$ cat final_8.pdb   # PDB, C-alpha atoms and all ligand atoms
ATOM      1  CA  MET O   1     -18.989  56.545 153.319  1.00  0.00           C
ATOM      2  CA  LYS O   2     -18.753  60.308 153.729  1.00  0.00           C
ATOM      3  CA  PHE O   3     -21.365  62.664 152.230  1.00  0.00           C
ATOM      4  CA  PHE O   4     -20.219  66.079 151.057  1.00  0.00           C
ATOM      5  CA  VAL O   5     -22.838  68.563 149.868  1.00  0.00           C
ATOM      6  CA  ASP O   6     -21.975  69.941 146.440  1.00  0.00           C
ATOM      7  CA  GLY O   7     -23.346  73.433 146.711  1.00  0.00           C
ATOM      8  CA  ALA O   8     -23.535  76.631 148.752  1.00  0.00           C
ATOM      9  CA  ASP O   9     -27.184  76.862 149.906  1.00  0.00           C
ATOM     10  CA  VAL O  10     -26.873  77.458 153.634  1.00  0.00           C
ATOM     11  CA  GLN O  11     -30.481  76.526 154.507  1.00  0.00           C
ATOM     12  CA  GLU O  12     -30.328  73.269 152.547  1.00  0.00           C
ATOM     13  CA  ILE O  13     -26.992  72.323 154.123  1.00  0.00           C
ATOM     14  CA  LYS O  14     -28.298  73.151 157.626  1.00  0.00           C
ATOM     15  CA  ALA O  15     -31.328  70.888 157.023  1.00  0.00           C
ATOM     16  CA  LEU O  16     -29.126  67.985 155.947  1.00  0.00           C
ATOM     17  CA  SER O  17     -26.795  68.616 158.894  1.00  0.00           C
ATOM     18  CA  GLU O  18     -29.738  68.048 161.245  1.00  0.00           C
ATOM     19  CA  ILE O  19     -29.976  64.438 159.999  1.00  0.00           C
ATOM     20  CA  GLY O  20     -26.257  63.816 160.049  1.00  0.00           C
ATOM     21  CA  MET O  21     -25.788  63.866 156.291  1.00  0.00           C
ATOM     22  CA  VAL O  22     -23.062  66.526 156.031  1.00  0.00           C
ATOM     23  CA  ASP O  23     -19.433  65.394 156.434  1.00  0.00           C
ATOM     24  CA  GLY O  24     -18.137  68.249 154.296  1.00  0.00           C
ATOM     25  CA  ILE O  25     -18.989  70.657 151.480  1.00  0.00           C
ATOM     26  CA  THR O  26     -17.612  71.123 147.970  1.00  0.00           C
ATOM     27  CA  THR O  27     -17.861  74.208 145.808  1.00  0.00           C
ATOM     28  CA  ASN O  28     -16.479  75.216 142.446  1.00  0.00           C
ATOM     29  CA  PRO O  29     -16.311  78.578 140.633  1.00  0.00           C
ATOM     30  CA  SER O  30     -19.693  77.914 138.927  1.00  0.00           C
ATOM     31  CA  ILE O  31     -21.384  77.192 142.272  1.00  0.00           C
ATOM     32  CA  ILE O  32     -19.857  80.344 143.771  1.00  0.00           C
ATOM     33  CA  ALA O  33     -20.888  82.470 140.759  1.00  0.00           C
ATOM     34  CA  LYS O  34     -24.471  81.163 141.125  1.00  0.00           C
ATOM     35  CA  THR O  35     -24.678  82.556 144.684  1.00  0.00           C
ATOM     36  CA  GLY O  36     -24.017  86.081 143.441  1.00  0.00           C
ATOM     37  CA  LYS O  37     -22.092  86.645 146.673  1.00  0.00           C
ATOM     38  CA  ASN O  38     -18.471  87.368 147.632  1.00  0.00           C
ATOM     39  CA  PHE O  39     -16.382  84.173 147.374  1.00  0.00           C
ATOM     40  CA  PHE O  40     -14.642  84.663 150.722  1.00  0.00           C
ATOM     41  CA  LYS O  41     -17.941  85.402 152.513  1.00  0.00           C
ATOM     42  CA  VAL O  42     -19.573  82.273 151.048  1.00  0.00           C
ATOM     43  CA  ILE O  43     -16.678  80.024 152.075  1.00  0.00           C
ATOM     44  CA  GLU O  44     -16.617  81.595 155.562  1.00  0.00           C
ATOM     45  CA  GLU O  45     -20.364  80.886 155.914  1.00  0.00           C
ATOM     46  CA  LEU O  46     -19.976  77.292 154.713  1.00  0.00           C
ATOM     47  CA  CYS O  47     -16.984  76.609 156.988  1.00  0.00           C
ATOM     48  CA  ALA O  48     -19.161  77.514 159.974  1.00  0.00           C
ATOM     49  CA  LEU O  49     -21.755  74.882 158.969  1.00  0.00           C
ATOM     50  CA  THR O  50     -19.488  71.850 159.225  1.00  0.00           C
ATOM     51  CA  GLN O  51     -16.341  70.682 160.983  1.00  0.00           C
ATOM     52  CA  GLY O  52     -15.535  68.754 157.821  1.00  0.00           C
ATOM     53  CA  PRO O  53     -13.573  70.028 154.805  1.00  0.00           C
ATOM     54  CA  VAL O  54     -15.018  72.823 152.662  1.00  0.00           C
ATOM     55  CA  SER O  55     -13.515  72.787 149.173  1.00  0.00           C
ATOM     56  CA  ALA O  56     -12.673  76.223 147.746  1.00  0.00           C
ATOM     57  CA  GLU O  57     -11.236  76.184 144.212  1.00  0.00           C
ATOM     58  CA  VAL O  58      -8.331  78.282 143.002  1.00  0.00           C
ATOM     59  CA  THR O  59      -8.780  80.078 139.683  1.00  0.00           C
ATOM     60  CA  ALA O  60      -5.160  80.546 138.624  1.00  0.00           C
ATOM     61  CA  LEU O  61      -3.649  78.251 135.997  1.00  0.00           C
ATOM     62  CA  ASP O  62      -0.013  78.339 137.149  1.00  0.00           C
ATOM     63  CA  ALA O  63       1.244  76.615 140.308  1.00  0.00           C
ATOM     64  CA  LYS O  64       2.875  79.704 141.806  1.00  0.00           C
ATOM     65  CA  THR O  65      -0.323  81.757 141.686  1.00  0.00           C
ATOM     66  CA  MET O  66      -2.466  78.753 142.721  1.00  0.00           C
ATOM     67  CA  ILE O  67      -0.353  78.505 145.870  1.00  0.00           C
ATOM     68  CA  GLN O  68      -0.699  82.230 146.536  1.00  0.00           C
ATOM     69  CA  GLU O  69      -4.474  81.937 146.146  1.00  0.00           C
ATOM     70  CA  ALA O  70      -4.518  78.816 148.326  1.00  0.00           C
ATOM     71  CA  LEU O  71      -2.623  80.482 151.169  1.00  0.00           C
ATOM     72  CA  LYS O  72      -5.095  83.391 151.056  1.00  0.00           C
ATOM     73  CA  LEU O  73      -8.123  81.067 151.003  1.00  0.00           C
ATOM     74  CA  ARG O  74      -6.700  79.111 153.932  1.00  0.00           C
ATOM     75  CA  THR O  75      -6.900  82.230 156.125  1.00  0.00           C
ATOM     76  CA  ILE O  76     -10.708  81.954 156.004  1.00  0.00           C
ATOM     77  CA  ALA O  77     -10.957  78.898 158.274  1.00  0.00           C
ATOM     78  CA  SER O  78      -8.969  75.835 159.306  1.00  0.00           C
ATOM     79  CA  ASN O  79     -11.356  73.472 157.484  1.00  0.00           C
ATOM     80  CA  VAL O  80     -10.833  75.047 154.055  1.00  0.00           C
ATOM     81  CA  CYS O  81      -9.702  72.394 151.570  1.00  0.00           C
ATOM     82  CA  ILE O  82      -8.012  73.772 148.461  1.00  0.00           C
ATOM     83  CA  LYS O  83      -9.350  72.568 145.115  1.00  0.00           C
ATOM     84  CA  VAL O  84      -6.900  72.515 142.207  1.00  0.00           C
ATOM     85  CA  PRO O  85      -7.510  71.264 138.660  1.00  0.00           C
ATOM     86  CA  LEU O  86      -5.905  68.004 137.530  1.00  0.00           C
ATOM     87  CA  THR O  87      -3.222  69.602 135.386  1.00  0.00           C
ATOM     88  CA  GLU O  88       0.570  69.481 135.722  1.00  0.00           C
ATOM     89  CA  GLU O  89       0.470  72.907 137.350  1.00  0.00           C
ATOM     90  CA  GLY O  90      -2.331  71.762 139.626  1.00  0.00           C
ATOM     91  CA  LEU O  91      -0.331  68.684 140.665  1.00  0.00           C
ATOM     92  CA  LYS O  92       2.709  70.882 141.315  1.00  0.00           C
ATOM     93  CA  ALA O  93       0.607  73.142 143.553  1.00  0.00           C
ATOM     94  CA  CYS O  94      -0.932  70.074 145.229  1.00  0.00           C
ATOM     95  CA  TYR O  95       2.477  68.551 145.986  1.00  0.00           C
ATOM     96  CA  GLU O  96       3.750  71.819 147.522  1.00  0.00           C
ATOM     97  CA  LEU O  97       0.557  72.528 149.502  1.00  0.00           C
ATOM     98  CA  ARG O  98       0.621  69.007 150.937  1.00  0.00           C
ATOM     99  CA  GLN O  99       4.170  69.650 152.194  1.00  0.00           C
ATOM    100  CA  LYS O 100       2.579  72.477 154.197  1.00  0.00           C
ATOM    101  CA  ASP O 101      -0.078  70.012 155.504  1.00  0.00           C
ATOM    102  CA  ILE O 102      -2.839  71.858 153.629  1.00  0.00           C
ATOM    103  CA  MET O 103      -5.801  69.709 152.490  1.00  0.00           C
ATOM    104  CA  VAL O 104      -6.026  69.478 148.692  1.00  0.00           C
ATOM    105  CA  ASN O 105      -8.906  68.214 146.542  1.00  0.00           C
ATOM    106  CA  VAL O 106      -7.654  67.575 142.997  1.00  0.00           C
ATOM    107  CA  THR O 107     -10.676  68.128 140.781  1.00  0.00           C
ATOM    108  CA  LEU O 108     -11.779  67.681 137.160  1.00  0.00           C
ATOM    109  CA  CYS O 109     -10.444  64.129 137.100  1.00  0.00           C
ATOM    110  CA  PHE O 110     -11.603  62.129 134.066  1.00  0.00           C
ATOM    111  CA  SER O 111      -9.201  59.193 133.845  1.00  0.00           C
ATOM    112  CA  ALA O 112      -7.553  56.547 136.014  1.00  0.00           C
ATOM    113  CA  LEU O 113      -4.167  57.800 134.832  1.00  0.00           C
ATOM    114  CA  GLN O 114      -4.956  61.265 136.161  1.00  0.00           C
ATOM    115  CA  ALA O 115      -6.101  59.730 139.460  1.00  0.00           C
ATOM    116  CA  ILE O 116      -2.817  57.828 139.836  1.00  0.00           C
ATOM    117  CA  MET O 117      -0.924  61.115 139.443  1.00  0.00           C
ATOM    118  CA  ALA O 118      -3.196  62.831 141.999  1.00  0.00           C
ATOM    119  CA  ALA O 119      -2.380  60.097 144.517  1.00  0.00           C
ATOM    120  CA  LYS O 120       1.353  60.333 143.826  1.00  0.00           C
ATOM    121  CA  ALA O 121       1.151  64.117 144.308  1.00  0.00           C
ATOM    122  CA  GLY O 122      -0.255  63.391 147.767  1.00  0.00           C
ATOM    123  CA  ALA O 123      -3.771  64.737 147.153  1.00  0.00           C
ATOM    124  CA  THR O 124      -6.108  64.488 150.138  1.00  0.00           C
ATOM    125  CA  TYR O 125      -8.998  63.848 147.739  1.00  0.00           C
ATOM    126  CA  VAL O 126      -9.340  63.191 144.012  1.00  0.00           C
ATOM    127  CA  SER O 127     -12.646  64.196 142.374  1.00  0.00           C
ATOM    128  CA  PRO O 128     -13.571  62.056 139.361  1.00  0.00           C
ATOM    129  CA  PHE O 129     -16.548  63.667 137.569  1.00  0.00           C
ATOM    130  CA  ILE O 130     -19.124  60.961 136.788  1.00  0.00           C
ATOM    131  CA  GLY O 131     -21.902  63.026 135.222  1.00  0.00           C
ATOM    132  CA  ARG O 132     -19.702  64.933 132.816  1.00  0.00           C
ATOM    133  CA  LEU O 133     -18.268  61.676 131.451  1.00  0.00           C
ATOM    134  CA  ASP O 134     -21.804  60.294 131.059  1.00  0.00           C
ATOM    135  CA  ASP O 135     -22.749  63.530 129.272  1.00  0.00           C
ATOM    136  CA  ILE O 136     -20.333  62.646 126.442  1.00  0.00           C
ATOM    137  CA  GLY O 137     -21.327  58.984 126.255  1.00  0.00           C
ATOM    138  CA  HIS O 138     -18.585  57.563 128.474  1.00  0.00           C
ATOM    139  CA  ASN O 139     -19.132  55.507 131.633  1.00  0.00           C
ATOM    140  CA  GLY O 140     -18.502  57.719 134.662  1.00  0.00           C
ATOM    141  CA  LEU O 141     -19.221  54.994 137.213  1.00  0.00           C
ATOM    142  CA  HIS O 142     -16.690  52.726 135.525  1.00  0.00           C
ATOM    143  CA  LEU O 143     -14.036  55.349 136.225  1.00  0.00           C
ATOM    144  CA  ILE O 144     -14.885  55.243 139.930  1.00  0.00           C
ATOM    145  CA  GLU O 145     -14.583  51.438 139.857  1.00  0.00           C
ATOM    146  CA  GLU O 146     -11.205  51.635 138.100  1.00  0.00           C
ATOM    147  CA  ILE O 147      -9.777  54.206 140.522  1.00  0.00           C
ATOM    148  CA  CYS O 148     -10.970  52.316 143.615  1.00  0.00           C
ATOM    149  CA  GLN O 149      -9.467  49.105 142.211  1.00  0.00           C
ATOM    150  CA  ILE O 150      -6.127  50.770 141.443  1.00  0.00           C
ATOM    151  CA  TYR O 151      -5.894  52.628 144.759  1.00  0.00           C
ATOM    152  CA  ASP O 152      -6.634  49.386 146.629  1.00  0.00           C
ATOM    153  CA  GLN O 153      -3.447  47.866 145.120  1.00  0.00           C
ATOM    154  CA  TYR O 154      -1.202  50.537 146.677  1.00  0.00           C
ATOM    155  CA  PRO O 155      -1.405  51.016 150.495  1.00  0.00           C
ATOM    156  CA  GLU O 156       0.975  53.941 150.137  1.00  0.00           C
ATOM    157  CA  PHE O 157      -1.758  55.893 148.337  1.00  0.00           C
ATOM    158  CA  SER O 158      -3.578  57.929 150.998  1.00  0.00           C
ATOM    159  CA  THR O 159      -5.773  59.865 148.571  1.00  0.00           C
ATOM    160  CA  GLU O 160      -9.520  59.441 149.151  1.00  0.00           C
ATOM    161  CA  VAL O 161     -11.814  58.910 146.148  1.00  0.00           C
ATOM    162  CA  LEU O 162     -14.372  61.763 146.188  1.00  0.00           C
ATOM    163  CA  ALA O 163     -16.989  60.794 143.588  1.00  0.00           C
ATOM    164  CA  ALA O 164     -18.330  63.990 142.048  1.00  0.00           C
ATOM    165  CA  SER O 165     -20.626  65.284 139.318  1.00  0.00           C
ATOM    166  CA  VAL O 166     -23.347  63.024 140.717  1.00  0.00           C
ATOM    167  CA  ARG O 167     -26.732  63.331 139.063  1.00  0.00           C
ATOM    168  CA  SER O 168     -28.884  60.610 140.688  1.00  0.00           C
ATOM    169  CA  PRO O 169     -29.347  58.582 143.895  1.00  0.00           C
ATOM    170  CA  PHE O 170     -28.764  55.459 141.759  1.00  0.00           C
ATOM    171  CA  GLN O 171     -25.228  56.654 141.169  1.00  0.00           C
ATOM    172  CA  ILE O 172     -24.713  57.026 144.936  1.00  0.00           C
ATOM    173  CA  ARG O 173     -25.726  53.361 145.393  1.00  0.00           C
ATOM    174  CA  GLU O 174     -23.248  52.268 142.723  1.00  0.00           C
ATOM    175  CA  ILE O 175     -20.503  54.489 144.175  1.00  0.00           C
ATOM    176  CA  ALA O 176     -21.093  52.923 147.619  1.00  0.00           C
ATOM    177  CA  LEU O 177     -20.932  49.390 146.162  1.00  0.00           C
ATOM    178  CA  MET O 178     -17.563  50.299 144.636  1.00  0.00           C
ATOM    179  CA  GLY O 179     -16.256  51.512 147.978  1.00  0.00           C
ATOM    180  CA  ALA O 180     -15.491  55.132 147.131  1.00  0.00           C
ATOM    181  CA  ASP O 181     -14.557  57.050 150.296  1.00  0.00           C
ATOM    182  CA  VAL O 182     -16.714  60.117 149.663  1.00  0.00           C
ATOM    183  CA  VAL O 183     -19.582  61.189 147.449  1.00  0.00           C
ATOM    184  CA  THR O 184     -20.349  64.827 146.828  1.00  0.00           C
ATOM    185  CA  ALA O 185     -23.795  65.610 145.497  1.00  0.00           C
ATOM    186  CA  PRO O 186     -26.338  68.426 145.449  1.00  0.00           C
ATOM    187  CA  SER O 187     -28.540  68.454 148.589  1.00  0.00           C
ATOM    188  CA  SER O 188     -31.589  67.513 146.473  1.00  0.00           C
ATOM    189  CA  ILE O 189     -29.937  64.275 145.328  1.00  0.00           C
ATOM    190  CA  ILE O 190     -28.907  63.349 148.884  1.00  0.00           C
ATOM    191  CA  ARG O 191     -32.402  64.080 150.212  1.00  0.00           C
ATOM    192  CA  SER O 192     -34.018  61.963 147.464  1.00  0.00           C
ATOM    193  CA  MET O 193     -32.212  58.860 148.782  1.00  0.00           C
ATOM    194  CA  VAL O 194     -34.669  58.554 151.675  1.00  0.00           C
ATOM    195  CA  LYS O 195     -37.724  58.258 149.416  1.00  0.00           C
ATOM    196  CA  HIS O 196     -39.422  54.899 148.790  1.00  0.00           C
ATOM    197  CA  PRO O 197     -43.124  54.389 147.904  1.00  0.00           C
ATOM    198  CA  LEU O 198     -43.370  51.247 150.035  1.00  0.00           C
ATOM    199  CA  THR O 199     -42.195  53.175 153.104  1.00  0.00           C
ATOM    200  CA  ASP O 200     -44.911  55.776 152.502  1.00  0.00           C
ATOM    201  CA  LYS O 201     -47.528  53.034 151.942  1.00  0.00           C
ATOM    202  CA  GLY O 202     -46.373  51.160 155.026  1.00  0.00           C
ATOM    203  CA  ILE O 203     -46.864  54.243 157.214  1.00  0.00           C
ATOM    204  CA  VAL O 204     -50.368  54.802 155.840  1.00  0.00           C
ATOM    205  CA  ASP O 205     -51.309  51.164 156.425  1.00  0.00           C
ATOM    206  CA  PHE O 206     -49.845  51.102 159.960  1.00  0.00           C
ATOM    207  CA  LEU O 207     -51.722  54.262 160.948  1.00  0.00           C
ATOM    208  CA  LYS O 208     -55.005  52.959 159.473  1.00  0.00           C
ATOM    209  CA  ASP O 209     -54.720  49.876 161.694  1.00  0.00           C
ATOM    210  CA  TRP O 210     -53.544  51.938 164.678  1.00  0.00           C
ATOM    211  CA  GLU O 211     -56.560  54.258 164.434  1.00  0.00           C
ATOM    212  CA  LYS O 212     -58.813  51.200 164.850  1.00  0.00           C
ATOM    213  CA  THR O 213     -57.361  50.641 168.339  1.00  0.00           C
ATOM    214  CA  GLY O 214     -58.666  54.031 169.495  1.00  0.00           C
ATOM    215  CA  GLN O 215     -55.458  54.461 171.474  1.00  0.00           C
ATOM    216  CA  SER O 216     -52.864  57.265 171.499  1.00  0.00           C
ATOM    217  CA  ILE O 217     -49.328  57.231 172.791  1.00  0.00           C
ATOM    218  CA  LEU O 218     -49.338  60.792 174.202  1.00  0.00           C
TER     219      LEU O 218
HETATM  220  O1  LIG O 301     -18.404  70.408 142.151  1.00  0.00           O
HETATM  221  C1  LIG O 301     -17.804  69.360 141.454  1.00  0.00           C
HETATM  222  C2  LIG O 301     -18.804  68.536 140.677  1.00  0.00           C
HETATM  223  O2  LIG O 301     -19.632  67.874 141.601  1.00  0.00           O
HETATM  224  C3  LIG O 301     -19.603  69.332 139.671  1.00  0.00           C
HETATM  225  O3  LIG O 301     -20.688  68.577 139.220  1.00  0.00           O
HETATM  226  O4  LIG O 301     -22.878  68.466 138.001  1.00  0.00           O
HETATM  227  O5  LIG O 301     -21.345  70.462 137.665  1.00  0.00           O
HETATM  228  O6  LIG O 301     -20.718  68.211 136.725  1.00  0.00           O
HETATM  229  P1  LIG O 301     -21.444  68.965 137.848  1.00  0.00           P
END

$ encode --input "final_8.pdb" --output "structure tokens" --more "lines below"
Ligand code: G3P
Amino acid sequence: MKFFVDGADVQEIKALSEIGMVDGITTNPSIIAKTGKNFFKVIEELCALTQGPVSAEVTALDAKTMIQEALKLRTIASNVCIKVPLTEEGLKACYELRQKDIMVNVTLCFSALQAIMAAKAGATYVSPFIGRLDDIGHNGLHLIEEICQIYDQYPEFSTEVLAASVRSPFQIREIALMGADVVTAPSSIIRSMVKHPLTDKGIVDFLKDWEKTGQSIL
């Protein structure tokens, strides 16, 4: 299972990199706007933090302009992955960009039907948004299960399922059980996975007993 960090905080991503938890990075226009920095500078900074794909999203709505934006974004670094929305124009841009061997992450996926089209358009990744489906009373995790099940039926589909809009470590467990290829989540959610009260208690108990020996290792 690959972990992508959904965000642009360099320090947080560096910290996760030090424990091997960063296989890539995803951004979107809202994440970029939150940095208050130049889009190209942010993506350049992020591309230097990982050898994995860094998703940079186009903002055009028509395929022709999406492709123009994509070709410009690709000049930033070789690990830039172009994010396009799951629309007909986005699929058209995806199909053409993939002919040029450019990585494409088709985002804002909310149905299995959309995911089938992303795979047929040759997307490198499809990003089903779990949290935003949950937000309107649907079952985001069920979508991941459906897409994994459908993709498993067709060996010709090379698109990786990139579970996105993740709001809890519980969701990451469920995503892993379903066999999604990638999860992208904020660094805080990834970090929270390590926490367990019994681990903390176990360390305290071990050290209490160790202190009784009067020994030290160093
Ligand atoms: O960046 C794509 C996706 O992870 C966004 O998540 O929480 O804004 O729905 P969210």

$ residues_near_ligand --input "final_8.pdb" --ligand "ligand LIG 301 (chain O)" --cutoff "8 Å" --atoms "only C-alpha atoms and all ligand atoms" --output "ChimeraX atom specification"
/O:6-7,26-28,30-31,107-108,127,129-132,163-167,184-186

$ closest_residue --input "final_8.pdb" --among "O:Thr124, O:Asn79, O:Ser188, O:Thr199" --to "Val161 in chain O" --atoms "all atoms listed in the file"
O:Thr124

$ resolve_selection --input "final_8.pdb" --expression "the PyMOL selection byres (((chain O and resi 49) around 8) and not hetatm)" --output "list in words"
Val10, Ile13, Lys14, Glu45, Leu46, Cys47, Ala48, Thr50 and Gln51 of chain O

$ resolve_selection --input "final_8.pdb" --expression "the PyMOL selection byres (((chain O and resi 72) around 12) and not hetatm)" --output "list in words"
Phe39, Phe40, Ala56, Glu57, Val58, Thr65, Met66, Ile67, Gln68, Glu69, Ala70, Leu71, Leu73, Arg74, Thr75, Ile76, Ala77, Ser78, Val80, Cys81 and Ile82 of chain O

$ residues_around --input "final_8.pdb" --residues "Leu141 in chain O" --least-positions-apart "6" --cutoff "12 Å" --atoms "all atoms listed in the file" --output "ChimeraX atom specification"
/O:110-112,128-134,147-148,163-168,170-180,183

$ atom_distance --input "final_8.pdb" --atom1 "CA of Thr35 in chain O" --atom2 "CA of Val104 in chain O"
23.1 Å

$ closest_residue --input "final_8.pdb" --among "O:Ser17, O:Ser158, O:Gln114, O:Ser187" --to "Val5 in chain O" --atoms "all atoms listed in the file"
O:Ser187

$ residues_around --input "final_8.pdb" --residues "Gly90 in chain O" --least-positions-apart "3" --cutoff "10 Å" --atoms "only C-alpha atoms" --output "list of chain:residue names"
O:Val58, O:Ala60, O:Leu61, O:Asp62, O:Ala63, O:Lys64, O:Met66, O:Ile67, O:Lys83, O:Val84, O:Pro85, O:Leu86, O:Thr87, O:Ala93, O:Cys94, O:Tyr95, O:Glu96, O:Val106, O:Thr107, O:Ala118, O:Ala121

$ closest_residue --input "final_8.pdb" --among "O:Tyr125, O:Met103, O:Ala115, O:Val182" --to "Tyr151 in chain O" --atoms "all atoms listed in the file"
O:Ala115

$ atom_distance --input "final_8.pdb" --atom1 "CA of Ile150 in chain O" --atom2 "CA of Ile116 in chain O"
8.0 Å

$ atom_distance --input "final_8.pdb" --atom1 "CA of Asn105 in chain O" --atom2 "CA of Ile19 in chain O"
25.3 Å

$ decode --input "final_8.pdb" --residues "range 164-171 of chain O" --atoms "all heavy atoms" --output "PDB file, in the first residue's frame"
ATOM      1  N   ALA O 164      -8.963   8.863  -1.601  1.00  0.00           N
ATOM      2  CA  ALA O 164      -8.730  10.258  -1.215  1.00  0.00           C
ATOM      3  C   ALA O 164      -9.863  10.800  -0.350  1.00  0.00           C
ATOM      4  O   ALA O 164     -10.836  10.086  -0.092  1.00  0.00           O
ATOM      5  CB  ALA O 164      -8.578  11.108  -2.477  1.00  0.00           C
ATOM      6  N   SER O 165      -9.690  12.028   0.099  1.00  0.00           N
ATOM      7  CA  SER O 165     -10.679  12.651   0.992  1.00  0.00           C
ATOM      8  C   SER O 165     -10.851  11.779   2.229  1.00  0.00           C
ATOM      9  O   SER O 165     -11.950  11.400   2.623  1.00  0.00           O
ATOM     10  CB  SER O 165     -12.027  12.813   0.269  1.00  0.00           C
ATOM     11  OG  SER O 165     -12.917  13.585   1.050  1.00  0.00           O
ATOM     12  N   VAL O 166      -9.693  11.437   2.816  1.00  0.00           N
ATOM     13  CA  VAL O 166      -9.640  10.537   3.978  1.00  0.00           C
ATOM     14  C   VAL O 166      -9.649  11.380   5.253  1.00  0.00           C
ATOM     15  O   VAL O 166      -8.910  12.350   5.362  1.00  0.00           O
ATOM     16  CB  VAL O 166      -8.370   9.649   3.908  1.00  0.00           C
ATOM     17  CG1 VAL O 166      -8.156   8.893   5.208  1.00  0.00           C
ATOM     18  CG2 VAL O 166      -8.486   8.673   2.730  1.00  0.00           C
ATOM     19  N   ARG O 167     -10.508  11.025   6.158  1.00  0.00           N
ATOM     20  CA  ARG O 167     -10.706  11.853   7.357  1.00  0.00           C
ATOM     21  C   ARG O 167     -10.333  11.131   8.644  1.00  0.00           C
ATOM     22  O   ARG O 167     -10.347  11.793   9.709  1.00  0.00           O
ATOM     23  CB  ARG O 167     -12.186  12.282   7.439  1.00  0.00           C
ATOM     24  CG  ARG O 167     -12.722  12.930   6.176  1.00  0.00           C
ATOM     25  CD  ARG O 167     -12.356  14.382   6.042  1.00  0.00           C
ATOM     26  NE  ARG O 167     -12.719  14.921   4.724  1.00  0.00           N
ATOM     27  CZ  ARG O 167     -13.926  15.342   4.392  1.00  0.00           C
ATOM     28  NH1 ARG O 167     -14.909  15.244   5.244  1.00  0.00           N
ATOM     29  NH2 ARG O 167     -14.150  15.825   3.183  1.00  0.00           N
ATOM     30  N   SER O 168      -9.976   9.840   8.601  1.00  0.00           N
ATOM     31  CA  SER O 168      -9.652   9.148   9.857  1.00  0.00           C
ATOM     32  C   SER O 168      -8.739   7.964   9.592  1.00  0.00           C
ATOM     33  O   SER O 168      -8.755   7.373   8.492  1.00  0.00           O
ATOM     34  CB  SER O 168     -10.934   8.616  10.511  1.00  0.00           C
ATOM     35  OG  SER O 168     -11.390   7.477   9.794  1.00  0.00           O
ATOM     36  N   PRO O 169      -7.938   7.547  10.618  1.00  0.00           N
ATOM     37  CA  PRO O 169      -7.108   6.357  10.455  1.00  0.00           C
ATOM     38  C   PRO O 169      -7.958   5.107  10.275  1.00  0.00           C
ATOM     39  O   PRO O 169      -7.565   4.160   9.592  1.00  0.00           O
ATOM     40  CB  PRO O 169      -6.278   6.296  11.741  1.00  0.00           C
ATOM     41  CG  PRO O 169      -6.895   7.239  12.687  1.00  0.00           C
ATOM     42  CD  PRO O 169      -7.672   8.234  11.898  1.00  0.00           C
ATOM     43  N   PHE O 170      -9.178   5.115  10.818  1.00  0.00           N
ATOM     44  CA  PHE O 170     -10.088   3.960  10.627  1.00  0.00           C
ATOM     45  C   PHE O 170     -10.331   3.735   9.136  1.00  0.00           C
ATOM     46  O   PHE O 170     -10.305   2.601   8.640  1.00  0.00           O
ATOM     47  CB  PHE O 170     -11.426   4.198  11.337  1.00  0.00           C
ATOM     48  CG  PHE O 170     -12.474   3.172  10.981  1.00  0.00           C
ATOM     49  CD1 PHE O 170     -12.477   1.926  11.588  1.00  0.00           C
ATOM     50  CD2 PHE O 170     -13.427   3.432   9.973  1.00  0.00           C
ATOM     51  CE1 PHE O 170     -13.422   0.964  11.240  1.00  0.00           C
ATOM     52  CE2 PHE O 170     -14.368   2.469   9.610  1.00  0.00           C
ATOM     53  CZ  PHE O 170     -14.368   1.229  10.254  1.00  0.00           C
ATOM     54  N   GLN O 171     -10.513   4.842   8.420  1.00  0.00           N
ATOM     55  CA  GLN O 171     -10.757   4.702   6.981  1.00  0.00           C
ATOM     56  C   GLN O 171      -9.550   4.073   6.285  1.00  0.00           C
ATOM     57  O   GLN O 171      -9.712   3.278   5.360  1.00  0.00           O
ATOM     58  CB  GLN O 171     -11.064   6.075   6.369  1.00  0.00           C
ATOM     59  CG  GLN O 171     -12.454   6.604   6.739  1.00  0.00           C
ATOM     60  CD  GLN O 171     -12.663   8.034   6.273  1.00  0.00           C
ATOM     61  OE1 GLN O 171     -11.727   8.846   6.269  1.00  0.00           O
ATOM     62  NE2 GLN O 171     -13.882   8.363   5.888  1.00  0.00           N
TER      63      GLN O 171
END
